[in-house]
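Everything below belongs to my_file-v4.cif, which stores mmCIF, C-alpha atoms.
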data_upload
loop_
_atom_site.label_atom_id
_atom_site.label_comp_id
_atom_site.auth_asym_id
_atom_site.auth_seq_id
_atom_site.Cartn_x
_atom_site.Cartn_y
_atom_site.Cartn_z
CA MET A 1 82.55 -36.13 49.46
CA PRO A 2 82.71 -34.70 45.88
CA ARG A 3 83.83 -38.17 44.70
CA LEU A 4 80.85 -39.75 46.46
CA CYS A 5 78.57 -37.22 44.74
CA GLU A 6 80.08 -38.08 41.33
CA TRP A 7 79.65 -41.79 42.06
CA LEU A 8 76.01 -41.26 43.08
CA GLU A 9 75.26 -39.40 39.85
CA GLN A 10 76.64 -42.32 37.81
CA ILE A 11 74.67 -45.15 39.44
CA PRO A 12 72.81 -46.69 36.45
CA TRP A 13 69.31 -46.74 37.99
CA ILE A 14 69.74 -43.16 39.25
CA VAL A 15 70.76 -42.11 35.69
CA THR A 16 67.72 -43.94 34.26
CA ILE A 17 65.30 -42.21 36.66
CA THR A 18 66.91 -38.76 36.29
CA ASN A 19 66.81 -38.91 32.48
CA SER A 20 63.22 -40.13 32.28
CA ALA A 21 60.57 -37.38 32.44
CA VAL A 22 57.95 -39.91 33.60
CA LEU A 23 60.06 -41.54 36.33
CA ILE A 24 61.50 -38.31 37.76
CA SER A 25 57.98 -36.79 37.78
CA LEU A 26 56.80 -39.80 39.80
CA VAL A 27 59.67 -39.28 42.24
CA TRP A 28 58.67 -35.60 42.61
CA LEU A 29 55.06 -36.71 43.19
CA VAL A 30 56.09 -39.10 45.99
CA HIS A 31 58.28 -36.34 47.49
CA TYR A 32 55.44 -33.80 47.48
CA ILE A 33 52.77 -36.17 48.83
CA GLY A 34 55.12 -37.46 51.53
CA PHE A 35 56.03 -33.90 52.52
CA PHE A 36 52.38 -32.79 52.65
CA LEU A 37 51.53 -35.78 54.85
CA LEU A 38 54.52 -35.14 57.12
CA VAL A 39 54.14 -31.37 57.46
CA GLY A 40 50.33 -31.30 57.47
CA THR A 41 49.91 -33.79 60.30
CA THR A 42 52.88 -32.50 62.35
CA ALA A 43 51.75 -28.88 61.97
CA PHE A 44 48.24 -29.87 63.05
CA VAL A 45 49.51 -31.46 66.29
CA ASP A 46 51.62 -28.32 66.88
CA LEU A 47 48.52 -26.16 66.37
CA ARG A 48 46.59 -28.35 68.84
CA ILE A 49 49.35 -27.90 71.45
CA LEU A 50 49.29 -24.14 70.81
CA GLY A 51 45.53 -24.17 71.46
CA ALA A 52 44.63 -23.15 67.90
CA ALA A 53 43.04 -26.43 66.78
CA ALA A 54 40.63 -29.11 68.05
CA ARG A 55 40.53 -27.80 71.62
CA ASN A 56 37.52 -30.05 72.33
CA GLN A 57 39.69 -33.16 71.82
CA LYS A 58 42.38 -34.67 74.02
CA LEU A 59 45.94 -34.13 72.85
CA ALA A 60 47.39 -37.62 73.46
CA PRO A 61 44.98 -39.71 71.30
CA LEU A 62 45.00 -37.07 68.55
CA ALA A 63 48.81 -36.98 68.44
CA GLY A 64 48.95 -40.79 68.66
CA GLN A 65 46.56 -41.02 65.71
CA LEU A 66 48.43 -38.53 63.49
CA PHE A 67 52.14 -39.16 64.15
CA PRO A 68 52.30 -42.58 62.39
CA PHE A 69 51.03 -40.82 59.25
CA ALA A 70 53.71 -38.14 59.70
CA TRP A 71 56.49 -40.76 59.88
CA THR A 72 55.05 -42.56 56.85
CA GLY A 73 55.32 -39.23 55.02
CA LEU A 74 58.91 -38.83 56.27
CA GLY A 75 59.80 -42.25 54.82
CA MET A 76 58.39 -41.23 51.43
CA VAL A 77 60.31 -37.92 51.59
CA ILE A 78 63.64 -39.57 52.46
CA VAL A 79 63.47 -42.22 49.70
CA SER A 80 62.34 -39.81 46.97
CA GLY A 81 64.61 -37.01 48.25
CA PHE A 82 67.65 -39.30 48.07
CA ILE A 83 66.88 -40.16 44.43
CA MET A 84 66.42 -36.46 43.58
CA PHE A 85 69.67 -35.55 45.34
CA ALA A 86 71.67 -38.41 43.84
CA GLY A 87 70.72 -37.41 40.28
CA GLN A 88 72.28 -33.94 40.71
CA ALA A 89 74.52 -34.55 43.73
CA THR A 90 77.51 -32.51 42.47
CA THR A 91 75.18 -29.52 41.91
CA PHE A 92 73.25 -29.77 45.18
CA TYR A 93 76.06 -30.64 47.58
CA PRO A 94 78.10 -27.40 47.34
CA THR A 95 74.98 -25.17 47.38
CA ALA A 96 74.63 -23.31 50.71
CA VAL A 97 70.83 -23.06 50.59
CA PHE A 98 70.58 -26.84 50.11
CA ARG A 99 72.68 -27.40 53.23
CA ILE A 100 70.55 -24.84 55.11
CA LYS A 101 67.42 -26.73 54.01
CA MET A 102 68.81 -30.06 55.23
CA GLY A 103 69.81 -28.42 58.53
CA ILE A 104 66.30 -27.01 59.03
CA VAL A 105 64.73 -30.39 58.16
CA LEU A 106 67.02 -32.16 60.66
CA LEU A 107 66.14 -29.65 63.39
CA ALA A 108 62.43 -29.92 62.57
CA PHE A 109 62.70 -33.72 62.75
CA ILE A 110 64.34 -33.53 66.20
CA PHE A 111 61.63 -31.15 67.46
CA GLY A 112 58.98 -33.43 65.94
CA VAL A 113 60.34 -36.46 67.82
CA VAL A 114 60.43 -34.49 71.09
CA VAL A 115 56.84 -33.26 70.60
CA GLN A 116 55.66 -36.81 69.82
CA ARG A 117 57.36 -38.32 72.85
CA LYS A 118 56.15 -35.60 75.20
CA SER A 119 52.58 -35.26 73.91
CA ALA A 120 51.35 -38.22 76.00
CA VAL A 121 52.72 -36.55 79.18
CA TRP A 122 51.44 -33.07 78.23
CA GLY A 123 48.05 -34.60 77.42
CA ARG A 124 47.64 -35.83 80.99
CA ALA A 125 48.28 -32.37 82.50
CA PRO A 126 45.24 -30.14 83.27
CA SER A 127 46.59 -27.56 80.81
CA VAL A 128 49.37 -27.71 78.22
CA PRO A 129 52.62 -26.38 79.81
CA ALA A 130 54.17 -23.19 78.43
CA ALA A 131 57.38 -25.07 77.48
CA ALA A 132 55.27 -27.40 75.32
CA LYS A 133 53.80 -24.42 73.49
CA TRP A 134 57.28 -23.03 72.78
CA LEU A 135 58.40 -26.41 71.45
CA ALA A 136 55.29 -26.70 69.27
CA PHE A 137 55.81 -23.16 67.96
CA ALA A 138 59.45 -23.95 67.10
CA SER A 139 58.41 -27.18 65.36
CA LEU A 140 55.74 -25.36 63.34
CA ALA A 141 58.14 -22.56 62.35
CA LEU A 142 60.85 -25.06 61.37
CA TRP A 143 58.57 -27.13 59.12
CA ILE A 144 57.19 -24.03 57.42
CA GLY A 145 60.79 -22.80 57.11
CA ALA A 146 61.77 -26.14 55.57
CA ILE A 147 59.15 -25.64 52.82
CA LEU A 148 60.56 -22.18 52.05
CA ALA A 149 64.17 -23.37 52.12
CA GLY A 150 63.27 -26.26 49.80
CA LEU A 151 61.60 -23.94 47.32
CA GLU A 152 64.50 -21.48 47.43
CA VAL A 153 67.01 -24.21 46.43
CA PRO A 154 66.33 -23.95 42.65
CA ALA A 155 66.70 -20.14 42.80
CA PHE A 156 70.25 -20.53 44.10
CA ILE A 157 71.33 -23.32 41.76
CA PRO A 158 73.61 -21.81 39.07
CA VAL A 159 71.92 -21.94 35.65
CA MET B 1 41.48 -21.49 22.74
CA HIS B 2 38.99 -18.66 23.31
CA THR B 3 40.63 -15.32 22.58
CA TRP B 4 38.68 -13.60 25.39
CA LEU B 5 40.13 -16.05 27.92
CA VAL B 6 43.66 -15.48 26.63
CA GLY B 7 42.98 -11.73 26.83
CA ILE B 8 41.94 -11.97 30.50
CA CYS B 9 45.01 -14.09 31.30
CA ASP B 10 47.25 -11.60 29.49
CA GLN B 11 45.81 -8.71 31.52
CA LEU B 12 46.22 -10.73 34.73
CA GLN B 13 49.91 -11.45 34.21
CA ASN B 14 50.60 -7.82 33.30
CA ILE B 15 49.26 -6.40 36.57
CA ARG B 16 52.14 -4.37 38.06
CA LEU B 17 52.32 -6.41 41.28
CA VAL B 18 52.35 -9.68 39.32
CA VAL B 19 55.14 -8.42 37.04
CA TRP B 20 57.16 -7.45 40.12
CA LEU B 21 56.64 -10.93 41.65
CA VAL B 22 58.03 -12.52 38.49
CA THR B 23 61.02 -10.20 38.05
CA ALA B 24 62.17 -10.07 41.71
CA ARG B 25 64.53 -13.07 41.91
CA TYR B 26 63.61 -14.33 45.37
CA ALA B 27 59.91 -13.37 45.43
CA TYR B 28 58.60 -16.28 43.36
CA PRO B 29 59.55 -18.96 45.93
CA PHE B 30 57.48 -17.06 48.53
CA ILE B 31 54.36 -17.48 46.37
CA GLN B 32 55.19 -21.17 45.97
CA TRP B 33 55.70 -21.28 49.75
CA THR B 34 52.15 -19.97 50.35
CA HIS B 35 50.76 -22.59 47.95
CA PHE B 36 52.79 -25.44 49.46
CA THR B 37 52.09 -24.46 53.09
CA GLY B 38 48.36 -24.47 52.32
CA LEU B 39 48.68 -27.76 50.44
CA SER B 40 50.52 -29.33 53.38
CA LEU B 41 47.65 -28.47 55.72
CA TRP B 42 44.98 -29.38 53.18
CA LEU B 43 46.40 -32.66 51.87
CA GLY B 44 48.07 -33.73 55.11
CA THR B 45 44.79 -33.55 57.03
CA THR B 46 42.75 -34.90 54.08
CA LEU B 47 44.96 -37.96 53.56
CA ALA B 48 45.11 -38.60 57.34
CA LEU B 49 41.31 -38.94 57.39
CA ASP B 50 41.35 -41.11 54.26
CA PHE B 51 43.91 -43.46 55.80
CA ARG B 52 41.85 -43.62 59.00
CA LEU B 53 38.74 -44.52 56.94
CA LEU B 54 40.82 -47.22 55.25
CA GLY B 55 41.66 -48.59 58.68
CA ALA B 56 45.40 -47.89 58.26
CA GLY B 57 47.44 -46.93 61.30
CA ARG B 58 46.33 -46.80 64.90
CA LYS B 59 42.77 -46.54 66.18
CA PHE B 60 43.11 -44.07 69.05
CA GLN B 61 40.29 -42.05 67.53
CA THR B 62 37.28 -42.95 65.42
CA ALA B 63 37.16 -41.51 61.90
CA ALA B 64 34.28 -39.28 63.06
CA GLN B 65 36.38 -37.81 65.90
CA LEU B 66 39.35 -37.30 63.59
CA SER B 67 37.19 -35.67 60.91
CA ASP B 68 35.72 -33.31 63.52
CA ALA B 69 39.20 -32.40 64.82
CA LEU B 70 40.71 -31.74 61.39
CA PHE B 71 37.76 -29.96 59.77
CA THR B 72 38.61 -26.27 60.40
CA TRP B 73 42.33 -26.40 59.55
CA ASN B 74 41.60 -28.64 56.59
CA TRP B 75 39.59 -25.84 54.97
CA ILE B 76 41.96 -23.09 56.17
CA GLY B 77 44.67 -25.07 54.36
CA LEU B 78 42.64 -25.09 51.15
CA GLY B 79 42.07 -21.34 51.45
CA ILE B 80 45.84 -20.69 51.76
CA ALA B 81 46.56 -23.12 48.89
CA VAL B 82 44.03 -21.40 46.61
CA LEU B 83 45.46 -17.96 47.45
CA GLY B 84 49.00 -19.10 46.61
CA GLY B 85 47.81 -21.14 43.63
CA PHE B 86 45.93 -18.24 42.08
CA THR B 87 48.97 -15.95 42.47
CA LEU B 88 51.20 -18.62 40.91
CA PHE B 89 48.74 -18.91 38.03
CA ALA B 90 48.69 -15.11 37.58
CA THR B 91 52.48 -15.00 37.09
CA ALA B 92 52.22 -17.02 33.85
CA ALA B 93 48.47 -17.16 33.16
CA VAL B 94 48.68 -17.33 29.34
CA GLY B 95 51.14 -20.23 29.46
CA TYR B 96 49.16 -22.12 32.12
CA ILE B 97 45.82 -21.80 30.33
CA ASP B 98 47.41 -23.34 27.24
CA ASN B 99 48.98 -26.22 29.19
CA PRO B 100 47.04 -29.54 28.80
CA ALA B 101 48.21 -30.88 32.19
CA PHE B 102 47.13 -27.68 33.95
CA ARG B 103 43.76 -27.71 32.20
CA LEU B 104 43.20 -31.37 33.12
CA LYS B 105 44.11 -30.59 36.73
CA LEU B 106 41.99 -27.45 37.08
CA VAL B 107 38.92 -28.29 35.01
CA VAL B 108 38.51 -32.06 35.50
CA LEU B 109 40.52 -33.57 38.37
CA LEU B 110 40.37 -30.78 40.96
CA PRO B 111 36.55 -30.34 40.88
CA LEU B 112 36.15 -34.13 41.02
CA ALA B 113 38.51 -34.54 43.97
CA LEU B 114 37.04 -31.56 45.81
CA SER B 115 33.44 -32.77 45.38
CA TRP B 116 34.43 -36.25 46.52
CA HIS B 117 36.25 -34.75 49.53
CA ILE B 118 33.12 -32.86 50.64
CA PHE B 119 31.08 -36.06 50.29
CA VAL B 120 33.62 -38.17 52.24
CA GLN B 121 34.04 -35.54 54.97
CA GLN B 122 30.27 -35.37 55.53
CA LYS B 123 29.79 -39.14 55.43
CA SER B 124 32.74 -39.82 57.76
CA ARG B 125 30.59 -38.60 60.65
CA THR B 126 28.24 -41.53 60.01
CA TRP B 127 30.75 -44.11 58.75
CA GLY B 128 33.28 -43.30 61.46
CA ARG B 129 31.22 -43.75 64.63
CA THR B 130 32.82 -47.11 65.45
CA PRO B 131 36.54 -48.00 65.49
CA GLU B 132 36.05 -50.34 62.51
CA THR B 133 34.81 -48.50 59.42
CA PRO B 134 32.39 -50.15 56.95
CA THR B 135 33.62 -51.36 53.53
CA VAL B 136 31.95 -48.43 51.78
CA ALA B 137 34.02 -46.01 53.93
CA LYS B 138 37.24 -47.86 53.07
CA LEU B 139 36.43 -47.67 49.36
CA ALA B 140 35.53 -43.99 49.63
CA GLY B 141 38.81 -43.23 51.43
CA LEU B 142 40.81 -45.15 48.83
CA MET B 143 38.96 -43.37 46.03
CA GLU B 144 39.80 -39.97 47.54
CA ILE B 145 43.50 -40.87 47.88
CA MET B 146 43.54 -41.92 44.21
CA LEU B 147 41.80 -38.71 43.15
CA TRP B 148 44.33 -36.48 44.97
CA VAL B 149 47.23 -38.54 43.61
CA SER B 150 45.82 -37.95 40.11
CA VAL B 151 45.61 -34.19 40.83
CA GLY B 152 49.26 -34.30 41.98
CA THR B 153 50.30 -36.31 38.90
CA ALA B 154 48.78 -33.69 36.59
CA ALA B 155 50.47 -30.93 38.64
CA VAL B 156 53.98 -32.41 38.44
CA TRP B 157 53.48 -32.99 34.72
CA ILE B 158 52.78 -29.28 34.03
CA PRO B 159 56.48 -28.33 33.49
CA ASN B 160 56.84 -31.10 30.86
CA TYR B 161 54.64 -29.20 28.37
#

Represent the supplied structure as structure tokens.
Amino acid sequence: MPRLCEWLEQIPWIVTITNSAVLISLVWLVHYIGFFLLVGTTAFVDLRILGAAARNQKLAPLAGQLFPFAWTGLGMVIVSGFIMFAGQATTFYPTAVFRIKMGIVLLAFIFGVVVQRKSAVWGRAPSVPAAAKWLAFASLALWIGAILAGLEVPAFIPV
Amino acid sequence: MHTWLVGICDQLQNIRLVVWLVTARYAYPFIQWTHFTGLSLWLGTTLALDFRLLGAGRKFQTAAQLSDALFTWNWIGLGIAVLGGFTLFATAAVGYIDNPAFRLKLVVLLPLALSWHIFVQQKSRTWGRTPETPTVAKLAGLMEIMLWVSVGTAAVWIPNY
């Protein structure tokens, strides 16, 4: 794996992007906007399931409307995140907090997929089941945790 | 730069709590976390409505229904983002106020984007009654996306000064 990280850091177009203030700032911009779209829309569906948002609207059409935007955001996050990682792969890879962040993101993604798949079923029930609320709460906590873990990464990177 | 403004910023960043936030190693990311959590709610719900106005994605809901659903948490998100953003600003107020990218973001782009957002949110109730939105709604949605992208561009450029 360390060899793969070294190889990633030396890919010419990764080097070009990493060393250009303009290009790497654009990559950060795509990462942030993608993350806001992903977390904002997913968190909103979670809040609706928890009964804290848009209670006058049916769950299934609302979730169906918002989830495609969430997955668009995820695509933006993955592409930009890969470029950001590749540029400093040997620094990021051994850092525990980076691995914790990726673990939280993976868990949040799994919960997000479950919530999306189940929201059509939950939406048909007279009231949202308690299990659904626990899942939504876990999803919400994981995404908010992912933001914190992501922001903590620079604090743990050796200067 | 007005000396009185620098003076206020200097006092702000020397408040005891603010000094503690800067010096405690792991506290700063928590302020960023508040800002980013608020931004996620604010921009995630804002962009979702803009994309719906553009006609992108599915049409399970009209833009008017979506706007109505998102309204409360959209503004709660802005409130959290402003709280975190102001605290972030306080930690290095003198430096921020002297930063051209920050000034462009705060004084020009942010008020523009925010005003346009209020206009679009109000109009979406009229534009978004039918599944297909009128051309003016599509243009307004696109304009708002571009305005928030410009705010974000200025924000990511701040560390380069």

Pull out every residue that the PyMOL selection byres ((chain B) within 8 of (chain A)) matches in the shown coordinates and put them as an MDAnalysis selection string.
chainID B and resid 25:26 29:30 32:33 36:37 39:45 47:48 57:61 66 68:70 72:73 149 152:153 156:157 160

task: May I have the residues within 12 Å of segment 85-89 of chain B as JSON, numbers by chain, using only C-alpha atoms and disregarding those fewer than 5 positions away in the same chain?
output: {"B": [9, 10, 12, 13, 15, 17, 18, 19, 21, 22, 27, 28, 29, 30, 31, 32, 33, 34, 35, 36, 37, 38, 39, 77, 78, 79, 80, 94, 95, 96, 97, 98, 99, 102, 103, 106, 155, 158]}

Pairwise distance, atom CA of Glu9 of chain A with atom CA of Val79 of chain A, equals 15.6 Å

Which residues, protein or nucleic acid, reach to within 12 Å of (34.7, -50.1, 56.9) in the file's coordinates when using all atoms listed in the file, and can you give that as an mmCIF file with C-alpha atoms, in the coordinates of the input?
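Below is the file result34.cif, written as the result:
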data_model
loop_
_atom_site.group_PDB
_atom_site.id
_atom_site.type_symbol
_atom_site.label_atom_id
_atom_site.label_comp_id
_atom_site.auth_asym_id
_atom_site.auth_seq_id
_atom_site.Cartn_x
_atom_site.Cartn_y
_atom_site.Cartn_z
ATOM 1 C CA ASP B 50 41.350 -41.110 54.260
ATOM 2 C CA PHE B 51 43.910 -43.460 55.800
ATOM 3 C CA ARG B 52 41.850 -43.620 59.000
ATOM 4 C CA LEU B 53 38.740 -44.520 56.940
ATOM 5 C CA LEU B 54 40.820 -47.220 55.250
ATOM 6 C CA GLY B 55 41.660 -48.590 58.680
ATOM 7 C CA ALA B 56 45.400 -47.890 58.260
ATOM 8 C CA THR B 62 37.280 -42.950 65.420
ATOM 9 C CA ALA B 63 37.160 -41.510 61.900
ATOM 10 C CA SER B 124 32.740 -39.820 57.760
ATOM 11 C CA THR B 126 28.240 -41.530 60.010
ATOM 12 C CA TRP B 127 30.750 -44.110 58.750
ATOM 13 C CA GLY B 128 33.280 -43.300 61.460
ATOM 14 C CA ARG B 129 31.220 -43.750 64.630
ATOM 15 C CA THR B 130 32.820 -47.110 65.450
ATOM 16 C CA PRO B 131 36.540 -48.000 65.490
ATOM 17 C CA GLU B 132 36.050 -50.340 62.510
ATOM 18 C CA THR B 133 34.810 -48.500 59.420
ATOM 19 C CA PRO B 134 32.390 -50.150 56.950
ATOM 20 C CA THR B 135 33.620 -51.360 53.530
ATOM 21 C CA VAL B 136 31.950 -48.430 51.780
ATOM 22 C CA ALA B 137 34.020 -46.010 53.930
ATOM 23 C CA LYS B 138 37.240 -47.860 53.070
ATOM 24 C CA LEU B 139 36.430 -47.670 49.360
ATOM 25 C CA ALA B 140 35.530 -43.990 49.630
ATOM 26 C CA GLY B 141 38.810 -43.230 51.430
ATOM 27 C CA LEU B 142 40.810 -45.150 48.830
#

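Between Ala108 of chain A and the residues A:Val15, A:Leu74, A:Leu50, A:Leu140, the shortest atom-to-atom distance, using all atoms listed in the file, involves A:Leu140.
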
Kindly add N, CA and C atoms to the incomplete segment 69-90 of chain B and provide the output as a PDB file, in the coordinates of the input.
ATOM      1  N   ALA B  69      37.996 -33.124  64.377  1.00  0.00           N
ATOM      2  CA  ALA B  69      39.200 -32.400  64.820  1.00  0.00           C
ATOM      3  C   ALA B  69      39.867 -31.651  63.672  1.00  0.00           C
ATOM      4  N   LEU B  70      39.936 -32.298  62.516  1.00  0.00           N
ATOM      5  CA  LEU B  70      40.710 -31.740  61.390  1.00  0.00           C
ATOM      6  C   LEU B  70      39.954 -30.712  60.562  1.00  0.00           C
ATOM      7  N   PHE B  71      38.621 -30.721  60.678  1.00  0.00           N
ATOM      8  CA  PHE B  71      37.760 -29.960  59.770  1.00  0.00           C
ATOM      9  C   PHE B  71      38.203 -28.512  59.515  1.00  0.00           C
ATOM     10  N   THR B  72      38.354 -27.716  60.576  1.00  0.00           N
ATOM     11  CA  THR B  72      38.610 -26.270  60.400  1.00  0.00           C
ATOM     12  C   THR B  72      39.936 -26.017  59.674  1.00  0.00           C
ATOM     13  N   TRP B  73      41.018 -26.660  60.154  1.00  0.00           N
ATOM     14  CA  TRP B  73      42.330 -26.400  59.550  1.00  0.00           C
ATOM     15  C   TRP B  73      42.465 -27.035  58.171  1.00  0.00           C
ATOM     16  N   ASN B  74      41.653 -28.053  57.926  1.00  0.00           N
ATOM     17  CA  ASN B  74      41.600 -28.640  56.590  1.00  0.00           C
ATOM     18  C   ASN B  74      41.170 -27.567  55.579  1.00  0.00           C
ATOM     19  N   TRP B  75      40.110 -26.848  55.908  1.00  0.00           N
ATOM     20  CA  TRP B  75      39.590 -25.840  54.970  1.00  0.00           C
ATOM     21  C   TRP B  75      40.424 -24.563  54.988  1.00  0.00           C
ATOM     22  N   ILE B  76      41.023 -24.234  56.141  1.00  0.00           N
ATOM     23  CA  ILE B  76      41.960 -23.090  56.170  1.00  0.00           C
ATOM     24  C   ILE B  76      43.115 -23.398  55.214  1.00  0.00           C
ATOM     25  N   GLY B  77      43.585 -24.639  55.249  1.00  0.00           N
ATOM     26  CA  GLY B  77      44.670 -25.070  54.360  1.00  0.00           C
ATOM     27  C   GLY B  77      44.298 -24.883  52.897  1.00  0.00           C
ATOM     28  N   LEU B  78      43.070 -25.260  52.546  1.00  0.00           N
ATOM     29  CA  LEU B  78      42.640 -25.090  51.150  1.00  0.00           C
ATOM     30  C   LEU B  78      42.608 -23.614  50.776  1.00  0.00           C
ATOM     31  N   GLY B  79      42.124 -22.780  51.702  1.00  0.00           N
ATOM     32  CA  GLY B  79      42.070 -21.340  51.450  1.00  0.00           C
ATOM     33  C   GLY B  79      43.455 -20.775  51.153  1.00  0.00           C
ATOM     34  N   ILE B  80      44.460 -21.172  51.960  1.00  0.00           N
ATOM     35  CA  ILE B  80      45.840 -20.690  51.760  1.00  0.00           C
ATOM     36  C   ILE B  80      46.367 -21.224  50.419  1.00  0.00           C
ATOM     37  N   ALA B  81      46.082 -22.501  50.143  1.00  0.00           N
ATOM     38  CA  ALA B  81      46.560 -23.120  48.890  1.00  0.00           C
ATOM     39  C   ALA B  81      45.974 -22.425  47.663  1.00  0.00           C
ATOM     40  N   VAL B  82      44.686 -22.068  47.735  1.00  0.00           N
ATOM     41  CA  VAL B  82      44.030 -21.400  46.610  1.00  0.00           C
ATOM     42  C   VAL B  82      44.624 -20.000  46.406  1.00  0.00           C
ATOM     43  N   LEU B  83      44.859 -19.297  47.523  1.00  0.00           N
ATOM     44  CA  LEU B  83      45.460 -17.960  47.450  1.00  0.00           C
ATOM     45  C   LEU B  83      46.828 -18.014  46.745  1.00  0.00           C
ATOM     46  N   GLY B  84      47.670 -18.935  47.208  1.00  0.00           N
ATOM     47  CA  GLY B  84      49.000 -19.100  46.610  1.00  0.00           C
ATOM     48  C   GLY B  84      48.905 -19.611  45.181  1.00  0.00           C
ATOM     49  N   GLY B  85      47.983 -20.535  44.947  1.00  0.00           N
ATOM     50  CA  GLY B  85      47.810 -21.140  43.630  1.00  0.00           C
ATOM     51  C   GLY B  85      47.354 -20.122  42.599  1.00  0.00           C
ATOM     52  N   PHE B  86      46.420 -19.263  43.007  1.00  0.00           N
ATOM     53  CA  PHE B  86      45.930 -18.240  42.080  1.00  0.00           C
ATOM     54  C   PHE B  86      47.056 -17.265  41.733  1.00  0.00           C
ATOM     55  N   THR B  87      47.855 -16.882  42.729  1.00  0.00           N
ATOM     56  CA  THR B  87      48.970 -15.950  42.470  1.00  0.00           C
ATOM     57  C   THR B  87      49.994 -16.605  41.544  1.00  0.00           C
ATOM     58  N   LEU B  88      50.273 -17.891  41.787  1.00  0.00           N
ATOM     59  CA  LEU B  88      51.200 -18.620  40.910  1.00  0.00           C
ATOM     60  C   LEU B  88      50.675 -18.630  39.471  1.00  0.00           C
ATOM     61  N   PHE B  89      49.375 -18.887  39.343  1.00  0.00           N
ATOM     62  CA  PHE B  89      48.740 -18.910  38.030  1.00  0.00           C
ATOM     63  C   PHE B  89      48.880 -17.545  37.343  1.00  0.00           C
ATOM     64  N   ALA B  90      48.653 -16.462  38.135  1.00  0.00           N
ATOM     65  CA  ALA B  90      48.690 -15.110  37.580  1.00  0.00           C
ATOM     66  C   ALA B  90      50.058 -14.769  36.988  1.00  0.00           C
TER      67      ALA B  90
END
